[in-house]
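Shown next: data.csv, given as CSV, C-alpha atoms.
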```csv
chain,number,residue,atom,x,y,z
G,167,MET,CA,-36.2,18.2,12.0
G,168,ASN,CA,-37.0,21.9,11.8
G,169,PRO,CA,-35.8,23.3,8.5
G,170,SER,CA,-35.3,26.8,10.0
G,171,SER,CA,-32.9,25.6,12.7
G,172,SER,CA,-30.9,23.7,10.1
G,173,THR,CA,-30.6,26.8,7.9
G,174,THR,CA,-29.5,28.9,10.9
G,175,GLY,CA,-26.9,26.4,12.0
G,176,GLY,CA,-25.4,26.3,8.5
G,177,ALA,CA,-25.1,30.0,8.3
G,178,GLY,CA,-23.3,30.2,11.7
G,179,SER,CA,-20.9,27.5,10.6
G,180,ASP,CA,-20.0,29.5,7.4
G,181,ASP,CA,-19.5,32.7,9.5
G,182,ASN,CA,-17.1,30.9,11.9
G,183,THR,CA,-15.1,29.4,9.0
G,184,SER,CA,-14.8,32.9,7.4
G,185,ILE,CA,-13.6,34.3,10.7
G,186,ARG,CA,-11.0,31.6,11.1
G,187,ARG,CA,-9.7,32.2,7.6
G,188,ASN,CA,-9.4,35.9,8.1
G,189,SER,CA,-7.5,35.4,11.4
G,190,ASN,CA,-4.9,33.2,9.6
G,191,ARG,CA,-4.1,36.0,7.1
G,192,PRO,CA,-0.9,37.9,7.9
G,193,LYS,CA,-1.3,41.5,9.0
G,194,TYR,CA,-1.0,44.0,6.2
G,195,SER,CA,2.4,45.6,6.2
G,196,ARG,CA,4.0,47.9,3.6
G,197,PHE,CA,7.3,46.0,4.3
G,198,THR,CA,5.9,42.6,3.5
G,199,GLN,CA,4.1,43.9,0.5
G,200,GLN,CA,7.2,45.6,-0.8
G,201,GLU,CA,5.6,49.0,-0.9
G,202,LEU,CA,8.3,50.9,1.0
G,203,PRO,CA,9.9,53.9,-0.8
G,204,ALA,CA,12.8,52.8,-2.9
G,205,CYS,CA,15.3,54.2,-5.3
G,206,LYS,CA,14.5,53.1,-8.8
G,207,PRO,CA,17.1,54.7,-11.1
G,208,ILE,CA,16.6,54.8,-14.8
G,209,LEU,CA,19.8,53.7,-16.6
G,210,THR,CA,19.9,56.2,-19.4
G,211,PRO,CA,22.8,56.1,-21.9
G,212,LYS,CA,24.4,59.2,-20.3
G,213,TRP,CA,24.3,57.6,-16.8
G,214,VAL,CA,25.8,54.3,-18.1
G,215,ILE,CA,28.6,56.0,-20.0
G,216,SER,CA,29.4,58.3,-17.1
G,217,VAL,CA,29.7,55.4,-14.6
G,218,PHE,CA,31.9,53.4,-16.9
G,219,LEU,CA,34.1,56.4,-17.6
G,220,LEU,CA,34.4,57.2,-13.9
G,221,VAL,CA,35.5,53.7,-13.0
G,222,GLY,CA,38.0,53.7,-15.8
G,223,VAL,CA,39.5,57.1,-14.8
G,224,VAL,CA,39.8,56.0,-11.1
G,225,PHE,CA,41.0,52.4,-11.7
G,226,ILE,CA,43.6,52.9,-14.3
G,227,PRO,CA,45.8,55.3,-12.2
G,228,ILE,CA,45.5,53.0,-9.2
G,229,GLY,CA,46.6,50.1,-11.4
G,230,VAL,CA,49.6,52.0,-12.7
G,231,VAL,CA,50.7,53.1,-9.3
G,232,SER,CA,50.3,49.6,-7.8
G,233,LEU,CA,52.2,48.0,-10.7
G,234,LEU,CA,55.0,50.4,-10.4
G,235,ALA,CA,55.2,49.9,-6.6
G,236,SER,CA,55.4,46.1,-7.2
G,237,ARG,CA,58.1,46.5,-9.9
G,238,ASP,CA,60.2,48.5,-7.4
G,239,VAL,CA,60.4,45.5,-5.1
G,240,VAL,CA,63.7,43.6,-5.5
G,241,GLU,CA,63.4,39.9,-5.1
G,242,ILE,CA,65.9,37.1,-5.3
G,243,VAL,CA,64.5,33.5,-5.6
G,244,ASP,CA,66.8,30.5,-5.5
G,245,ARG,CA,65.5,26.9,-5.6
G,246,TYR,CA,68.0,24.6,-3.8
G,247,ASP,CA,66.2,21.3,-3.0
G,248,SER,CA,67.4,19.5,-6.1
G,249,VAL,CA,70.9,21.0,-6.4
G,250,CYS,CA,71.8,20.4,-2.7
G,251,VAL,CA,71.7,16.7,-3.1
G,252,PRO,CA,75.0,14.9,-3.8
G,253,LEU,CA,75.4,13.3,-7.2
G,254,ASN,CA,75.7,9.9,-5.7
G,255,SER,CA,72.3,10.3,-4.0
G,256,THR,CA,70.2,11.8,-6.8
G,257,ASP,CA,68.5,8.4,-7.3
G,258,ASP,CA,67.7,8.1,-3.6
G,259,LYS,CA,66.9,11.5,-2.3
G,260,ILE,CA,64.7,10.2,0.6
G,261,GLY,CA,67.5,8.0,1.7
G,262,PHE,CA,69.9,11.0,1.7
G,263,ILE,CA,67.6,13.3,3.6
G,264,THR,CA,66.7,10.7,6.3
G,265,ASN,CA,70.3,9.6,6.9
G,266,SER,CA,71.5,11.7,9.9
G,267,SER,CA,75.1,10.6,9.4
G,268,ILE,CA,75.4,12.5,6.1
G,269,ASP,CA,76.3,16.2,6.2
G,270,LYS,CA,73.5,18.3,4.8
G,271,THR,CA,75.6,21.5,4.3
G,272,CYS,CA,75.1,23.2,1.0
G,273,PHE,CA,76.7,26.4,-0.5
G,274,ARG,CA,74.8,28.7,-2.8
G,275,THR,CA,75.8,32.0,-4.5
G,276,LEU,CA,73.3,34.9,-5.0
G,277,THR,CA,73.9,38.1,-7.0
G,278,VAL,CA,72.0,41.2,-6.1
G,279,PRO,CA,70.4,42.6,-9.3
G,280,LYS,CA,69.5,46.0,-7.9
G,281,LYS,CA,70.1,47.9,-4.7
G,282,MET,CA,68.2,46.4,-1.8
G,283,LYS,CA,67.4,48.7,1.0
G,284,GLN,CA,67.0,47.4,4.5
G,285,PRO,CA,65.1,45.6,6.0
G,286,ILE,CA,65.6,42.7,3.6
G,287,TYR,CA,63.2,39.9,4.4
G,288,VAL,CA,64.4,36.3,4.2
G,289,TYR,CA,61.7,33.8,3.4
G,290,TYR,CA,61.6,30.1,2.8
G,291,GLN,CA,59.1,29.0,0.2
G,292,LEU,CA,57.6,25.5,0.1
G,293,GLU,CA,55.6,24.1,-2.8
G,294,ASN,CA,53.3,21.1,-3.0
G,295,TYR,CA,52.9,21.3,0.8
G,296,TYR,CA,49.3,21.0,1.9
G,297,GLN,CA,49.2,22.7,5.3
G,298,ASN,CA,45.5,23.1,4.9
G,299,HIS,CA,44.8,19.4,5.1
G,300,ARG,CA,42.0,18.9,7.6
G,301,ARG,CA,43.7,16.4,9.9
G,302,TYR,CA,46.9,18.4,9.8
G,303,VAL,CA,45.2,21.7,10.7
G,304,LYS,CA,43.3,20.1,13.6
G,305,SER,CA,46.3,18.4,15.1
G,306,ARG,CA,47.2,21.1,17.7
G,307,SER,CA,46.1,22.3,21.1
G,308,ASP,CA,45.6,26.0,21.4
G,309,GLN,CA,44.9,25.7,25.1
G,310,GLN,CA,48.1,23.9,25.7
G,311,LEU,CA,50.1,26.6,23.8
G,312,LYS,CA,48.6,29.3,26.0
G,313,SER,CA,48.8,28.0,29.5
G,314,ALA,CA,51.2,25.7,31.4
G,315,SER,CA,48.2,24.4,33.4
G,316,LYS,CA,46.8,22.9,30.2
G,317,ARG,CA,49.9,20.8,29.6
G,318,ASP,CA,47.9,17.5,29.5
G,319,ASP,CA,45.3,18.9,27.0
G,320,THR,CA,46.5,16.8,24.1
G,321,GLY,CA,43.2,15.2,23.0
G,322,SER,CA,43.2,16.9,19.6
G,323,CYS,CA,46.9,16.3,18.9
G,324,ASP,CA,46.8,12.7,17.7
G,325,PRO,CA,49.1,11.1,16.6
G,326,GLU,CA,51.7,13.3,18.2
G,327,ASP,CA,50.1,13.7,21.6
G,328,ARG,CA,52.1,11.7,24.0
G,329,VAL,CA,55.4,9.7,24.2
G,330,ASN,CA,55.8,7.0,26.8
G,331,GLY,CA,52.5,8.2,28.3
G,332,LYS,CA,53.9,11.7,28.9
G,333,PRO,CA,52.4,14.8,27.1
G,334,ILE,CA,54.3,16.4,24.3
G,335,VAL,CA,54.6,20.2,24.5
G,336,PRO,CA,53.8,21.6,21.9
G,337,CYS,CA,51.8,18.6,20.6
G,338,GLY,CA,50.3,17.9,17.2
G,339,LEU,CA,51.5,17.4,13.7
G,340,ILE,CA,52.0,21.1,12.9
G,341,ALA,CA,54.6,21.6,15.6
G,342,TRP,CA,56.1,18.1,14.9
G,343,SER,CA,56.8,19.1,11.3
G,344,LEU,CA,58.5,22.3,12.1
G,345,PHE,CA,60.7,23.6,9.3
G,346,ASN,CA,64.4,23.2,10.1
G,347,ASP,CA,66.6,24.3,7.2
G,348,THR,CA,69.0,27.0,8.3
G,349,TYR,CA,70.7,29.8,6.3
G,350,SER,CA,73.7,32.0,6.9
G,351,PHE,CA,75.0,34.8,4.6
G,352,THR,CA,78.3,36.4,3.9
G,353,ARG,CA,79.3,39.2,1.5
G,354,SER,CA,82.0,37.9,-0.8
G,355,ILE,CA,83.5,41.4,-1.3
G,356,ASN,CA,84.8,41.6,2.3
G,357,ASN,CA,83.8,38.1,3.5
G,358,LYS,CA,81.7,39.9,6.2
G,359,SER,CA,78.9,38.0,7.7
G,360,LEU,CA,75.4,39.3,7.3
G,361,ASP,CA,73.4,38.9,10.6
G,362,VAL,CA,69.9,37.7,10.3
G,363,ASN,CA,67.5,39.0,12.9
G,364,HIS,CA,64.9,36.4,14.0
G,365,LYS,CA,63.0,38.7,16.4
G,366,GLY,CA,59.8,40.4,15.4
G,367,ILE,CA,59.0,38.0,12.5
G,368,ALA,CA,55.8,36.7,14.1
G,369,TRP,CA,52.5,38.5,14.6
G,370,LYS,CA,52.4,40.5,17.8
G,371,SER,CA,48.9,39.2,18.6
G,372,ASP,CA,50.2,35.6,18.3
G,373,ARG,CA,53.1,36.2,20.6
G,374,ASP,CA,51.0,38.0,23.2
G,375,HIS,CA,47.8,36.0,23.2
G,376,LYS,CA,48.3,32.5,21.6
G,377,PHE,CA,51.6,31.4,23.1
G,378,GLY,CA,52.1,31.5,26.8
G,379,LYS,CA,55.1,33.0,28.7
G,380,ASP,CA,55.0,30.0,31.1
G,381,VAL,CA,54.8,27.3,28.5
G,382,PHE,CA,58.1,25.5,27.8
G,383,PRO,CA,58.9,22.6,25.4
G,384,LEU,CA,58.5,19.2,26.9
G,385,ASN,CA,59.2,15.8,25.3
G,386,PHE,CA,59.3,17.5,22.0
G,387,GLN,CA,60.8,15.4,19.1
G,388,SER,CA,61.7,12.7,21.5
G,389,GLY,CA,59.5,10.0,19.9
G,390,PRO,CA,60.7,7.2,17.6
G,391,LEU,CA,60.0,9.3,14.4
G,392,ILE,CA,61.4,12.8,14.1
G,393,GLY,CA,59.3,15.2,12.0
G,394,GLY,CA,61.3,18.4,11.7
G,395,GLY,CA,63.2,20.9,13.8
G,396,ASN,CA,63.7,21.0,17.5
G,397,LEU,CA,63.2,23.9,19.9
G,398,THR,CA,65.3,25.7,22.5
G,399,ASN,CA,64.6,25.8,26.2
G,400,GLU,CA,62.9,29.2,26.0
G,401,SER,CA,59.2,29.8,26.5
G,402,LEU,CA,57.1,29.4,23.4
G,403,ASP,CA,56.2,33.1,23.1
G,404,LYS,CA,59.9,33.7,22.4
G,405,GLN,CA,60.3,31.0,19.8
G,406,GLU,CA,59.1,33.0,16.8
G,407,ASN,CA,60.1,30.4,14.2
G,408,LEU,CA,57.6,28.1,15.8
G,409,ILE,CA,54.9,30.8,16.0
G,410,VAL,CA,55.4,31.6,12.3
G,411,TRP,CA,55.2,27.9,11.3
G,412,MET,CA,52.0,27.3,13.4
G,413,ARG,CA,50.1,29.9,11.4
G,414,THR,CA,49.1,27.4,8.7
G,415,ALA,CA,49.0,28.4,5.0
G,416,ALA,CA,45.8,28.2,2.9
G,417,LEU,CA,47.5,27.2,-0.4
G,418,PRO,CA,50.0,24.4,-1.2
G,419,THR,CA,52.6,27.1,-2.3
G,420,PHE,CA,53.5,29.5,0.5
G,421,ARG,CA,56.3,31.6,2.0
G,422,LYS,CA,57.1,32.0,5.6
G,423,LEU,CA,59.4,34.6,7.2
G,424,TYR,CA,62.7,33.3,8.4
G,425,GLY,CA,64.3,36.5,9.4
G,426,LYS,CA,65.5,40.0,8.4
G,427,ILE,CA,68.8,41.4,7.1
G,428,GLU,CA,69.1,44.9,8.5
G,429,VAL,CA,71.8,46.3,6.2
G,430,ASP,CA,71.6,47.6,2.6
G,431,LEU,CA,72.9,45.5,-0.3
G,432,GLU,CA,74.3,47.2,-3.3
G,433,GLN,CA,73.8,46.2,-7.0
G,434,GLY,CA,76.2,43.6,-8.0
G,435,ASP,CA,77.0,42.3,-4.5
G,436,VAL,CA,77.7,38.6,-4.4
G,437,ILE,CA,76.1,36.8,-1.4
G,438,ASN,CA,77.5,33.5,-0.3
G,439,VAL,CA,74.8,31.3,1.4
G,440,THR,CA,75.6,28.4,3.6
G,441,LEU,CA,72.5,26.4,4.3
G,442,LYS,CA,71.6,23.2,6.0
G,443,ASN,CA,69.3,21.1,3.8
G,444,ASN,CA,67.6,19.3,6.6
G,445,TYR,CA,63.9,19.4,5.8
G,446,ASN,CA,62.4,16.5,4.0
G,447,THR,CA,60.3,17.5,1.0
G,448,TYR,CA,61.4,14.7,-1.2
G,449,SER,CA,58.8,12.3,0.2
G,450,PHE,CA,56.0,14.2,-1.4
G,451,ASP,CA,57.8,15.8,-4.4
G,452,GLY,CA,57.9,19.2,-2.7
G,453,LYS,CA,60.2,22.1,-3.6
G,454,LYS,CA,62.2,24.4,-1.4
G,455,LYS,CA,63.3,27.9,-2.3
G,456,LEU,CA,65.2,30.7,-0.5
G,457,VAL,CA,63.8,34.1,-1.1
G,458,LEU,CA,65.3,37.5,-0.3
G,459,SER,CA,63.0,40.4,-0.9
G,460,THR,CA,62.4,44.1,-0.1
G,461,THR,CA,59.0,45.6,0.3
G,462,SER,CA,57.1,48.7,-0.8
G,463,TRP,CA,54.0,50.5,0.5
G,464,ILE,CA,51.9,47.8,-1.1
G,465,GLY,CA,53.8,44.9,0.4
G,466,GLY,CA,55.9,42.3,-1.4
G,467,LYS,CA,56.3,41.7,-5.1
G,468,ASN,CA,52.8,41.0,-6.5
G,469,ASP,CA,51.8,42.2,-10.0
G,470,PHE,CA,48.2,40.8,-9.7
G,471,LEU,CA,46.6,43.7,-8.0
G,472,GLY,CA,47.9,46.3,-10.4
G,473,ILE,CA,47.1,44.1,-13.4
G,474,ALA,CA,43.5,43.6,-12.0
G,475,TYR,CA,42.9,47.3,-11.6
G,476,LEU,CA,44.3,48.0,-15.1
G,477,THR,CA,42.2,45.3,-16.7
G,478,VAL,CA,38.9,46.4,-15.0
G,479,GLY,CA,39.7,50.1,-15.6
G,480,GLY,CA,40.7,49.5,-19.3
G,481,LEU,CA,37.6,47.4,-19.9
G,482,CYS,CA,35.3,50.1,-18.4
G,483,PHE,CA,37.0,52.8,-20.4
G,484,PHE,CA,36.6,50.8,-23.6
G,485,LEU,CA,32.9,50.2,-22.9
G,486,ALA,CA,32.4,53.9,-22.2
G,487,MET,CA,34.0,54.9,-25.5
G,488,THR,CA,32.0,52.2,-27.4
G,489,PHE,CA,28.7,53.2,-25.9
G,490,THR,CA,29.5,56.9,-26.6
G,491,VAL,CA,30.1,56.2,-30.3
G,492,ILE,CA,26.9,54.1,-30.6
G,493,TYR,CA,24.9,56.8,-28.8
G,494,LEU,CA,26.3,59.6,-31.1
G,495,VAL,CA,26.1,57.6,-34.4
G,496,LYS,CA,22.8,55.9,-33.8
G,497,PRO,CA,20.9,57.4,-30.9
G,498,ARG,CA,17.8,55.9,-29.6
G,499,GLN,CA,14.9,58.0,-28.2
G,500,LEU,CA,14.3,57.3,-24.5
G,501,GLY,CA,10.7,56.4,-23.5
G,502,ASP,CA,8.6,58.6,-21.2
G,503,PRO,CA,9.3,57.5,-17.6
G,504,THR,CA,5.9,58.6,-16.5
G,505,TYR,CA,4.5,55.4,-18.0
G,506,LEU,CA,6.6,53.2,-15.7
G,507,SER,CA,4.5,51.1,-13.3
G,508,TRP,CA,5.9,52.6,-10.1
G,509,ASN,CA,5.2,56.1,-11.4
G,510,GLN,CA,1.6,55.1,-12.4
G,511,ASN,CA,0.8,53.4,-9.1
G,512,PRO,CA,3.5,54.3,-6.5
G,513,GLY,CA,1.4,53.0,-3.5
G,514,GLY,CA,0.8,49.6,-4.9
G,515,ASN,CA,-3.0,49.9,-4.3
```
What is this structure when it is put down as structure tokens?
Amino acid sequence: MNPSSSTTGGAGSDDNTSIRRNSNRPKYSRFTQQELPACKPILTPKWVISVFLLVGVVFIPIGVVSLLASRDVVEIVDRYDSVCVPLNSTDDKIGFITNSSIDKTCFRTLTVPKKMKQPIYVYYQLENYYQNHRRYVKSRSDQQLKSASKRDDTGSCDPEDRVNGKPIVPCGLIAWSLFNDTYSFTRSINNKSLDVNHKGIAWKSDRDHKFGKDVFPLNFQSGPLIGGGNLTNESLDKQENLIVWMRTAALPTFRKLYGKIEVDLEQGDVINVTLKNNYNTYSFDGKKKLVLSTTSWIGGKNDFLGIAYLTVGGLCFFLAMTFTVIYLVKPRQLGDPTYLSWNQNPGGN
């Protein structure tokens, strides 16, 4: 074998390998090499103190205003699930609530603690009720709710999909378990009835886009096991109690809007409530409460937002004062920023 040809072939092979290696390297980019211009602030004591002080000055007033707005909301909460059971049925609440021959009428008395300006919102509150259960949430047919042509679309509604082979409209466990306690109110001072407006309690987007004007109840609550309330013969877009109920809650304790009282209530007014204790929460140790509430610009009564702003603002203000004292009592000389790496070699080369 010719030694020279062997040497030449080896050199060519090395060159080809080097070319292949170079071709596999990614193309140089300032972005991939993280060499783009960037803001690299130096957190000096003055900057840190100023930021903490600014957050405290902004957050504390917001917290105070939010808390005062929440405290202006007048709210009456009355739990009635335990007191609306006859004494002879306290040991068998499930038997009481499932017996249709027993009258479920219950009378409650509420006293208005402060003047309540209209509109006064009437809510029902349920506790230990898991509407966010996966099987429960999926047991509905949005297509069926929107269009009469999709009446037979009940594939996702098991087990409340059909009765005697005929589709249920609206189908699914959510609709089947519709809340059906009812409330009526009278003022004791003149025995005048307080009308409850059930219109406008659902989201407009739900009424207009999720529940069809041509969809009517069909075979609803006609199976062997009745879950909750029934529906009228109106189209689903007009049955706002159903629309409110179908918007499932994320937490086991939740409130849903029942209606609105559109007259003012004065401090000291005594309200007589006649309610029908129909809904079964005793099977799962649930609780039922009736809530009357006004609102403010921030919404209903909720102290959490104001307390959160006050806590964060107060903590930042405290840290600002602490750092100020430390900076004045025992200052520390700041190093020369020109020695920082990005100032020494800004291009990364």
Polymer residues at most 10 Å from Asn468 of chain G, only C-alpha atoms, same-chain spacing of 3 or more positions, as a CSV table (one decimal) with C-alpha atoms, in the frame of the given file:
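And here is the file that came out, result_20.csv:
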```csv
chain,number,residue,atom,x,y,z
G,232,SER,CA,50.3,49.6,-7.8
G,233,LEU,CA,52.2,48.0,-10.7
G,235,ALA,CA,55.2,49.9,-6.6
G,236,SER,CA,55.4,46.1,-7.2
G,237,ARG,CA,58.1,46.5,-9.9
G,239,VAL,CA,60.4,45.5,-5.1
G,464,ILE,CA,51.9,47.8,-1.1
G,465,GLY,CA,53.8,44.9,0.4
G,471,LEU,CA,46.6,43.7,-8.0
G,472,GLY,CA,47.9,46.3,-10.4
G,473,ILE,CA,47.1,44.1,-13.4
```
Closest of G:Leu276, G:Ile355, G:Val436, G:Cys482 to Val243 of chain G - atom-to-atom distances counting only C-alpha atoms: G:Leu276
Would you list the contacts of segment 210-221 of chain G as a short mmCIF file (atom, residue, chain, number, x, y, z; two decimals) with C-alpha atoms, keeping the file's coordinate frame, taking every protein, DNA or RNA residue within 8 Å and counting all atoms listed in the file, but skipping same-chain residues closer than 3 positions in sequence?
```cif
data_model
loop_
_atom_site.label_atom_id
_atom_site.label_comp_id
_atom_site.auth_asym_id
_atom_site.auth_seq_id
_atom_site.Cartn_x
_atom_site.Cartn_y
_atom_site.Cartn_z
CA VAL G 224 39.80 56.00 -11.10
CA PHE G 225 41.00 52.40 -11.70
CA GLY G 479 39.70 50.10 -15.60
CA CYS G 482 35.30 50.10 -18.40
CA PHE G 483 37.00 52.80 -20.40
CA LEU G 485 32.90 50.20 -22.90
CA ALA G 486 32.40 53.90 -22.20
CA MET G 487 34.00 54.90 -25.50
CA PHE G 489 28.70 53.20 -25.90
CA THR G 490 29.50 56.90 -26.60
CA TYR G 493 24.90 56.80 -28.80
CA LEU G 500 14.30 57.30 -24.50
#
```
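Of note, atom CA of Ile286 of chain G and atom CA of Ser350 of chain G are spaced 13.8 Å apart.
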Among the residues G:Leu209, G:Leu292, G:Leu402, G:Val362, the one that comes closest to Ala314 of chain G [using all atoms listed in the file]: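 Counting all atoms listed in the file, the residue closest to Ala314 of chain G is G:Leu402.
If you count only C-alpha atoms and ignore residues fewer than 3 places along the chain from Leu456 of chain G, what sits within 9 Å of it is G:Ile242, G:Val243, G:Asp244, G:Arg245, G:Tyr246, G:Val288, G:Tyr289, G:Tyr290, G:Gln291, G:Tyr349.
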Between G:Ala204, G:Cys250, G:Val495, G:Leu408, which one has atoms that come closest to Tyr424 of chain G, using only C-alpha atoms?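 Of the candidates, the smallest distance to Tyr424 of chain G is held by G:Leu408.
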Please compute the atom CA of Lys206 of chain G-atom CA of Gly222 of chain G distance, one decimal, in Å. 24.5 Å
May I have a table of the residues of segment 341-442 of chain G lying at most 12 Å from segment 293-307 of chain G, giving each one's closest pair of atoms and their distance in Å to one decimal, counting only C-alpha atoms, ordered by chain and ascending residue number, as a tab-separated table?
```
residue	atom	partner	partner_atom	distance
G:Ala341	CA	G:Arg306	CA	7.7
G:Trp342	CA	G:Arg306	CA	9.8
G:Ser343	CA	G:Tyr302	CA	10.0
G:Leu344	CA	G:Gln297	CA	11.5
G:Phe345	CA	G:Tyr295	CA	11.8
G:Lys376	CA	G:Ser307	CA	10.4
G:Phe377	CA	G:Ser307	CA	10.8
G:Trp411	CA	G:Gln297	CA	10.0
G:Met412	CA	G:Arg306	CA	8.9
G:Arg413	CA	G:Gln297	CA	9.5
G:Thr414	CA	G:Gln297	CA	5.8
G:Ala415	CA	G:Gln297	CA	5.7
G:Ala416	CA	G:Asn298	CA	5.5
G:Leu417	CA	G:Tyr296	CA	6.9
G:Pro418	CA	G:Tyr296	CA	4.7
G:Thr419	CA	G:Glu293	CA	4.3
G:Phe420	CA	G:Glu293	CA	6.7
G:Arg421	CA	G:Glu293	CA	8.9
G:Lys422	CA	G:Glu293	CA	11.6
```
Check the smallest atom-to-atom distance from each of G:Thr198, G:Thr256, G:Ser313, G:Thr348 to Asp380 of chain G using all atoms listed in the file, then report the winner.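 Answer, going by the shortest atom-to-atom distance: G:Ser313.
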Per-axis box centre and lengths in Å around segment 466-483 of chain G, 3 Å margin per side, axis-aligned, as JSON:
```
{"center_x": 45.8, "center_y": 46.8, "center_z": -10.9, "size_x": 27.0, "size_y": 18.0, "size_z": 25.0}
```
Of the candidates G:Asp324, G:Asp308, G:Asp269, G:Asp361, which shows the shortest atom-to-atom distance to Glu428 of chain G, using only C-alpha atoms? G:Asp361
The residues within 10 Å of (58.4, 17.1, 0.2), using all atoms listed in the file and the coordinates of the file, should be reported as a PDB file with C-alpha atoms, keeping the file's coordinate frame; which are they?
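Below is the file that was written, part03.pdb:
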```pdb
ATOM      1  CA  ASP G 247      66.200  21.300  -3.000  1.00  0.00           C
ATOM      2  CA  ILE G 260      64.700  10.200   0.600  1.00  0.00           C
ATOM      3  CA  LEU G 292      57.600  25.500   0.100  1.00  0.00           C
ATOM      4  CA  GLU G 293      55.600  24.100  -2.800  1.00  0.00           C
ATOM      5  CA  ASN G 294      53.300  21.100  -3.000  1.00  0.00           C
ATOM      6  CA  TYR G 295      52.900  21.300   0.800  1.00  0.00           C
ATOM      7  CA  TYR G 445      63.900  19.400   5.800  1.00  0.00           C
ATOM      8  CA  ASN G 446      62.400  16.500   4.000  1.00  0.00           C
ATOM      9  CA  THR G 447      60.300  17.500   1.000  1.00  0.00           C
ATOM     10  CA  TYR G 448      61.400  14.700  -1.200  1.00  0.00           C
ATOM     11  CA  SER G 449      58.800  12.300   0.200  1.00  0.00           C
ATOM     12  CA  PHE G 450      56.000  14.200  -1.400  1.00  0.00           C
ATOM     13  CA  ASP G 451      57.800  15.800  -4.400  1.00  0.00           C
ATOM     14  CA  GLY G 452      57.900  19.200  -2.700  1.00  0.00           C
ATOM     15  CA  LYS G 453      60.200  22.100  -3.600  1.00  0.00           C
ATOM     16  CA  LYS G 454      62.200  24.400  -1.400  1.00  0.00           C
TER      17      LYS G 454
END
```
Have a look at atom CA of Phe386 of chain G and atom CA of Cys337 of chain G and let me know their distance in Å, one decimal. 7.7 Å
Please list as a PyMOL selection string every residue within 10 Å of Gln433 of chain G, counting all atoms listed in the file and excluding residues in the same chain fewer than 3 positions away. chain G and resi 277-282+430+436
Can you work out which one of G:Tyr287, G:Trp369, G:Phe484, G:Tyr194 has the shortest atom-to-atom distance to Thr461 of chain G, counting all atoms listed in the file? G:Tyr287
